[in-house]
Amino acid sequence: MMAPSSENKEHFVLEREYFQKLLDTLIQRGYRVVGPTVGEGAIVYTKLNSVADLPIGWTDEQDGGAYRLKKRDDQSLFGYVVGPQSWKKFLLPSALRLWQAKRVGKSFQIIPEDEKSQKFAFVGVRSCDMHAIAIQDKIFMNGQYGDSHYKSRRADAFILAVNCGKAGGTCFCVSMNTGPKTTFGFDLAMTEVLEGNRHYFVAETGTELGAEILHTTPHKKANKEEIFYADDVIKKTAGQMGRSMDTTDIKNLLYKNYEHPRWDNVAERCLACANCTLVCPTCFCTTVEDVTDLTGEHAERWRKLDSCFTMDFSYIHGGSVRSSTKARYRQWMTHKIATWIDQFGTSGCVGCGRCITWCPVAIDITEEARAIRESEPNLKRETAEGAEKTTHNHKEGI
Amino acid sequence: MAVKKKPKLAVWKFASCDGCQLSLLDCEDELLAVADKVAIAYFLEASRAVEKGPYDISLVEGSITTQHDAERIQKIRKISKVLITIGACATAGGIQSLRNFKDIKEFVSIVYASPEYIETLAKSTSIASHVPVDFELQGCPINKRQLLEVLSAFLYGRKPNTPAYSVCIECKRRGTVCVMVAQGIPCLGPVTHAGCNAICPAYNRGCYSCYGPMETPNTASLSSWFGRLGVKEENLVRSFRSFYGSAEPFRKESETHE
Ligand code: SF4
Ligand code: SF4
Ligand code: SF4
Ligand code: SF4
């Protein structure tokens, strides 16, 4: 699934009219095809049956604490960026029953949940989100925190990536080195091109499966001009980033500023509402809730998305370790862009901008990082030589 | 774990609309299970048959608004092993605590034909401001699923799952698109105690805070954001002064905008 794509430089062209065929193939092969659609005033992810379910001709305007759908003056299928939901919705669902138990005499019997492969096909995965999936894969696919529920959802997932044709008002993948072009992890990746009267996709295959699926659909080899147009789309997007973050030696910047007046400042604004963590495509914290019914004959264990912004999150005997909002915001931001690097080898932030847009009071991680950096005028000079430029690149195969 | 003798349950009413007691009656499917596990010893809303105390669990609805009730709650506390308050009135004074911001005598003289017959306290107060309370279940009205959860938890000796974090967490978990961010509708969800499963945002409205303040409510920050969304000062007062107007964080916030 995560085979290298870089050597495979072959490009194909798929005309817009054949996009439905591609979806049909996936559906026929038993995939649960999910992707973007317009719902409740935003672009959300849902089951797709046809191209008509996609947000055709829609775009989004995003800024801190603000999101608005707008009509485009064209009929593009992917002319928007990421919305409030991420692929986490399917891979790490917000509430999942882990098992049930029933009383049998003096003992009890566990009834496990079915962990059959879900066989998802994700349509329209953006580069930032591909990086986010890779981050969660690293945690949940193997090793100490390997998670069978995640694996059963992820292992057979087909990924149809889309290179962004525009950047959002809160996007900063260029700073985080995570986009806007997808470079790994996909089965198929496409760039949507609207040029004159033509509407087509320039596609790259990432896996044999991706190639196989493409071959079920009418397509041809891309010519130089088509490739040029596609590259140009991505280049323009890269030049449109709504936000930016200087990641130079960012780990040490935050480690050095564990005490900083900016944390008090942000705590005055922060509602500790947890929206940022719930929309973040890399945040993975969950809690378990055990429930019994009144009869005492039946019990269930549920796993739910949790957040480091709640008091219970850091509750240990006697009280919460991070009782102030200041401590909680600092924990979140420091984890995202600093301690994550020590913990997992990459940044925990992929620059998708969701936490900025969906924070009800527009708290902006790039602004907070900037404020701390700017209070240290010497930092840049001190560390410019051989500074540790954080690597956010997920190389193939992780 | 095994419950030998059925614990005795009593349900008490103070100044309230009965909506929370109705939540218990509303547990049609579950009421049999409730009756199977507890002896409903005192519940006038449901039955006139009354068993004498002491009671293992007392559910208390309503706030204290008269001297008579202030004395009655003391007696109830004495005959109750566990006392659980249910709803906004019992936990924070309820909507009738709007009187706390004004002169009660004036209200009485306007509302009643013969004000001299009315004996009432100047303020509507929570049960916990009169007697020690073992557990407070929030909501106006309470949610029946949560009520059953609290009863089960007390019966089986575990902690109830009634988290005090924001409504936003329930809102996001159910996949609702934020109405404040996507439509600019003022929403009290970020400062409100979870429990309703974010029902209003799911129906395209802002949260009105029927469940009162969450664990760490930053009302000042939300107020200033409401201001940016075009909410006027007088409406800020109203936003915070409704079901939970007398809960400390909301009372303070509404007063700063007066
Ligand atoms: S940063 Fe924003 S979204 Fe996150 S907890 Fe604070 S107020 Fe809520
Ligand atoms: S921290 Fe914010 S910008 Fe970074 S990945 Fe999470 S939601 Fe996206
Ligand atoms: S952050 Fe980059 S990859 Fe992600 S949606 Fe924005 S432009 Fe696309
Ligand atoms: S709609 Fe209200 S409750 Fe839901 S996330 Fe937005 S602010 Fe929170």
# chains A, B, ... in the order shown; residues from 1 in each chain; ligands from 1
>>> interface_residues(of="chain B", to="chain A", cutoff="6 Å", atoms="only C-alpha atoms", output="ChimeraX atom specification")
/B:152,165-166,173,181-182,190,218,221
>>> residues_near_ligand(ligand="ligand 3", cutoff="6 Å", atoms="only C-alpha atoms and all ligand atoms", output="list in words")
Val81, Val82, Arg126, Ser127, Cys128, Cys164, Ala167, Gly168, Cys171, Phe172, Cys173, Gly179, Pro180, Gly351 and Cys352 of chain A
>>> residues_around(residues="segment 184-193 of chain A", least_positions_apart="3", cutoff="9 Å", atoms="only C-alpha atoms", output="ChimeraX atom specification")
/A:1-6,16,76-79,124-125,127,130-131,133-134,158-165,181,198-211,213-214,226,229-231,233-234,394-397
>>> residues_near_ligand(ligand="ligand 2", cutoff="7 Å", atoms="only C-alpha atoms and all ligand atoms", output="count of residues only")
18
>>> select_by_dssp(residues="segment 80-243 of chain B", states="strand (DSSP E)", output="PyMOL selection string")
chain B and resi 80-86+135-137
>>> residues_near_ligand(ligand="ligand 4", cutoff="6 Å", atoms="only C-alpha atoms and all ligand atoms", output="PyMOL selection string")
(chain A and resi 360) or (chain B and resi 167-168+171-172+178-180+187+189-190+201+206-207)
>>> write_last_selection(atoms="N, CA and C atoms", output="tab-separated table (two decimals), in the first residue's frame")
chain	number	residue	atom	x	y	z
A	360	PRO	N	-13.37	27.91	18.44
A	360	PRO	CA	-14.47	28.88	18.47
A	360	PRO	C	-13.99	30.32	18.70
B	167	VAL	N	-19.86	20.95	26.04
B	167	VAL	CA	-20.79	20.38	25.06
B	167	VAL	C	-20.08	20.17	23.72
B	168	CYS	N	-19.07	20.99	23.45
B	168	CYS	CA	-18.33	20.86	22.18
B	168	CYS	C	-17.81	19.44	21.98
B	171	CYS	N	-20.55	17.46	20.75
B	171	CYS	CA	-20.90	17.99	19.44
B	171	CYS	C	-19.97	17.42	18.37
B	172	LYS	N	-18.67	17.47	18.65
B	172	LYS	CA	-17.71	16.95	17.69
B	172	LYS	C	-17.80	15.44	17.58
B	178	CYS	N	-19.77	22.65	13.56
B	178	CYS	CA	-19.93	23.75	14.53
B	178	CYS	C	-20.75	24.90	13.93
B	179	VAL	N	-21.85	25.23	14.58
B	179	VAL	CA	-22.72	26.28	14.05
B	179	VAL	C	-22.12	27.67	14.26
B	180	MET	N	-21.26	27.77	15.26
B	180	MET	CA	-20.65	29.08	15.53
B	180	MET	C	-19.60	29.38	14.46
B	187	CYS	N	-23.03	30.38	20.27
B	187	CYS	CA	-23.29	29.08	20.89
B	187	CYS	C	-22.61	29.03	22.25
B	189	GLY	N	-22.09	26.37	23.89
B	189	GLY	CA	-21.50	25.04	24.06
B	189	GLY	C	-20.13	25.01	24.73
B	190	PRO	N	-19.22	25.91	24.35
B	190	PRO	CA	-17.87	25.82	24.93
B	190	PRO	C	-17.81	26.06	26.44
B	201	PRO	N	-26.98	22.23	18.62
B	201	PRO	CA	-26.18	22.36	17.40
B	201	PRO	C	-26.57	21.33	16.34
B	206	GLY	N	-27.66	27.42	18.27
B	206	GLY	CA	-26.60	27.51	19.26
B	206	GLY	C	-27.09	26.88	20.56
B	207	CYS	N	-26.13	26.52	21.41
B	207	CYS	CA	-26.45	25.94	22.72
B	207	CYS	C	-26.95	27.06	23.64
>>> closest_residue(among="B:Leu222, B:Ala202, B:Ala33, B:Cys27", to="ligand 1", atoms="only C-alpha atoms and all ligand atoms")
B:Leu222
>>> select_by_dssp(residues="segment 174-245 of chain B", states="alpha helix (DSSP H)", output="PyMOL selection string")
chain B and resi 179-183+199-202+219-228+233-240
>>> decode(residues="segment 221-254 of chain A", atoms="N, CA and C atoms", output="PDB file, in the first residue's frame")
ATOM      1  N   LYS A 221      -1.864   8.255 -21.570  1.00  0.00           N
ATOM      2  CA  LYS A 221      -0.634   8.835 -21.024  1.00  0.00           C
ATOM      3  C   LYS A 221      -0.721  10.346 -21.088  1.00  0.00           C
ATOM      4  N   ALA A 222      -0.228  10.999 -20.064  1.00  0.00           N
ATOM      5  CA  ALA A 222      -0.283  12.463 -20.068  1.00  0.00           C
ATOM      6  C   ALA A 222       0.808  13.008 -20.972  1.00  0.00           C
ATOM      7  N   ASN A 223       0.490  14.079 -21.667  1.00  0.00           N
ATOM      8  CA  ASN A 223       1.552  14.712 -22.451  1.00  0.00           C
ATOM      9  C   ASN A 223       2.219  15.807 -21.630  1.00  0.00           C
ATOM     10  N   LYS A 224       3.279  16.366 -22.186  1.00  0.00           N
ATOM     11  CA  LYS A 224       4.084  17.344 -21.443  1.00  0.00           C
ATOM     12  C   LYS A 224       3.250  18.522 -20.967  1.00  0.00           C
ATOM     13  N   GLU A 225       2.374  18.948 -21.841  1.00  0.00           N
ATOM     14  CA  GLU A 225       1.579  20.130 -21.522  1.00  0.00           C
ATOM     15  C   GLU A 225       0.639  19.869 -20.345  1.00  0.00           C
ATOM     16  N   GLU A 226       0.013  18.700 -20.377  1.00  0.00           N
ATOM     17  CA  GLU A 226      -0.909  18.354 -19.291  1.00  0.00           C
ATOM     18  C   GLU A 226      -0.154  18.252 -17.958  1.00  0.00           C
ATOM     19  N   ILE A 227       1.035  17.667 -18.030  1.00  0.00           N
ATOM     20  CA  ILE A 227       1.840  17.567 -16.803  1.00  0.00           C
ATOM     21  C   ILE A 227       2.238  18.954 -16.319  1.00  0.00           C
ATOM     22  N   PHE A 228       2.541  19.812 -17.275  1.00  0.00           N
ATOM     23  CA  PHE A 228       2.913  21.181 -16.913  1.00  0.00           C
ATOM     24  C   PHE A 228       1.756  21.877 -16.200  1.00  0.00           C
ATOM     25  N   TYR A 229       0.558  21.734 -16.741  1.00  0.00           N
ATOM     26  CA  TYR A 229      -0.606  22.371 -16.112  1.00  0.00           C
ATOM     27  C   TYR A 229      -0.829  21.838 -14.695  1.00  0.00           C
ATOM     28  N   ALA A 230      -0.683  20.539 -14.544  1.00  0.00           N
ATOM     29  CA  ALA A 230      -0.893  19.931 -13.222  1.00  0.00           C
ATOM     30  C   ALA A 230       0.144  20.440 -12.228  1.00  0.00           C
ATOM     31  N   ASP A 231       1.403  20.478 -12.669  1.00  0.00           N
ATOM     32  CA  ASP A 231       2.453  20.986 -11.772  1.00  0.00           C
ATOM     33  C   ASP A 231       2.192  22.432 -11.400  1.00  0.00           C
ATOM     34  N   ASP A 232       1.690  23.163 -12.368  1.00  0.00           N
ATOM     35  CA  ASP A 232       1.433  24.571 -12.144  1.00  0.00           C
ATOM     36  C   ASP A 232       0.331  24.764 -11.084  1.00  0.00           C
ATOM     37  N   VAL A 233      -0.675  23.895 -11.127  1.00  0.00           N
ATOM     38  CA  VAL A 233      -1.748  23.955 -10.126  1.00  0.00           C
ATOM     39  C   VAL A 233      -1.138  23.844  -8.722  1.00  0.00           C
ATOM     40  N   ILE A 234      -0.262  22.864  -8.562  1.00  0.00           N
ATOM     41  CA  ILE A 234       0.323  22.613  -7.240  1.00  0.00           C
ATOM     42  C   ILE A 234       1.240  23.762  -6.834  1.00  0.00           C
ATOM     43  N   LYS A 235       1.976  24.271  -7.828  1.00  0.00           N
ATOM     44  CA  LYS A 235       2.883  25.379  -7.534  1.00  0.00           C
ATOM     45  C   LYS A 235       2.097  26.597  -7.040  1.00  0.00           C
ATOM     46  N   LYS A 236       1.002  26.864  -7.715  1.00  0.00           N
ATOM     47  CA  LYS A 236       0.175  28.009  -7.309  1.00  0.00           C
ATOM     48  C   LYS A 236      -0.370  27.811  -5.899  1.00  0.00           C
ATOM     49  N   THR A 237      -0.821  26.599  -5.620  1.00  0.00           N
ATOM     50  CA  THR A 237      -1.351  26.310  -4.281  1.00  0.00           C
ATOM     51  C   THR A 237      -0.273  26.567  -3.229  1.00  0.00           C
ATOM     52  N   ALA A 238       0.927  26.091  -3.516  1.00  0.00           N
ATOM     53  CA  ALA A 238       2.018  26.248  -2.546  1.00  0.00           C
ATOM     54  C   ALA A 238       2.283  27.725  -2.262  1.00  0.00           C
ATOM     55  N   GLY A 239       1.977  28.565  -3.246  1.00  0.00           N
ATOM     56  CA  GLY A 239       2.217  29.996  -3.066  1.00  0.00           C
ATOM     57  C   GLY A 239       1.080  30.730  -2.369  1.00  0.00           C
ATOM     58  N   GLN A 240       0.035  29.984  -1.999  1.00  0.00           N
ATOM     59  CA  GLN A 240      -1.172  30.627  -1.452  1.00  0.00           C
ATOM     60  C   GLN A 240      -1.412  30.358   0.021  1.00  0.00           C
ATOM     61  N   MET A 241      -0.450  29.795   0.706  1.00  0.00           N
ATOM     62  CA  MET A 241      -0.701  29.353   2.082  1.00  0.00           C
ATOM     63  C   MET A 241      -1.266  30.477   2.949  1.00  0.00           C
ATOM     64  N   GLY A 242      -2.360  30.187   3.626  1.00  0.00           N
ATOM     65  CA  GLY A 242      -2.992  31.192   4.476  1.00  0.00           C
ATOM     66  C   GLY A 242      -2.224  31.470   5.750  1.00  0.00           C
ATOM     67  N   ARG A 243      -1.420  30.511   6.188  1.00  0.00           N
ATOM     68  CA  ARG A 243      -0.643  30.661   7.417  1.00  0.00           C
ATOM     69  C   ARG A 243       0.763  30.144   7.153  1.00  0.00           C
ATOM     70  N   SER A 244       1.667  30.476   8.075  1.00  0.00           N
ATOM     71  CA  SER A 244       3.009  29.907   7.984  1.00  0.00           C
ATOM     72  C   SER A 244       3.565  29.728   9.396  1.00  0.00           C
ATOM     73  N   MET A 245       4.491  28.813   9.512  1.00  0.00           N
ATOM     74  CA  MET A 245       5.135  28.618  10.812  1.00  0.00           C
ATOM     75  C   MET A 245       6.620  28.373  10.583  1.00  0.00           C
ATOM     76  N   ASP A 246       7.437  29.132  11.275  1.00  0.00           N
ATOM     77  CA  ASP A 246       8.879  28.923  11.184  1.00  0.00           C
ATOM     78  C   ASP A 246       9.219  27.756  12.112  1.00  0.00           C
ATOM     79  N   THR A 247       9.684  26.657  11.517  1.00  0.00           N
ATOM     80  CA  THR A 247       9.929  25.471  12.354  1.00  0.00           C
ATOM     81  C   THR A 247      11.399  25.315  12.745  1.00  0.00           C
ATOM     82  N   THR A 248      12.199  26.325  12.445  1.00  0.00           N
ATOM     83  CA  THR A 248      13.615  26.234  12.785  1.00  0.00           C
ATOM     84  C   THR A 248      13.797  25.957  14.272  1.00  0.00           C
ATOM     85  N   ASP A 249      14.426  24.837  14.566  1.00  0.00           N
ATOM     86  CA  ASP A 249      14.732  24.487  15.959  1.00  0.00           C
ATOM     87  C   ASP A 249      13.527  24.647  16.889  1.00  0.00           C
ATOM     88  N   ILE A 250      12.377  24.330  16.359  1.00  0.00           N
ATOM     89  CA  ILE A 250      11.141  24.633  17.113  1.00  0.00           C
ATOM     90  C   ILE A 250      11.038  23.820  18.398  1.00  0.00           C
ATOM     91  N   LYS A 251      11.626  22.638  18.381  1.00  0.00           N
ATOM     92  CA  LYS A 251      11.568  21.801  19.573  1.00  0.00           C
ATOM     93  C   LYS A 251      12.240  22.515  20.744  1.00  0.00           C
ATOM     94  N   ASN A 252      13.460  22.982  20.488  1.00  0.00           N
ATOM     95  CA  ASN A 252      14.168  23.652  21.578  1.00  0.00           C
ATOM     96  C   ASN A 252      13.534  24.982  21.941  1.00  0.00           C
ATOM     97  N   LEU A 253      12.954  25.634  20.924  1.00  0.00           N
ATOM     98  CA  LEU A 253      12.267  26.894  21.212  1.00  0.00           C
ATOM     99  C   LEU A 253      11.200  26.671  22.287  1.00  0.00           C
ATOM    100  N   LEU A 254      10.427  25.628  22.118  1.00  0.00           N
ATOM    101  CA  LEU A 254       9.366  25.383  23.098  1.00  0.00           C
ATOM    102  C   LEU A 254       9.921  24.812  24.397  1.00  0.00           C
TER     103      LEU A 254
END
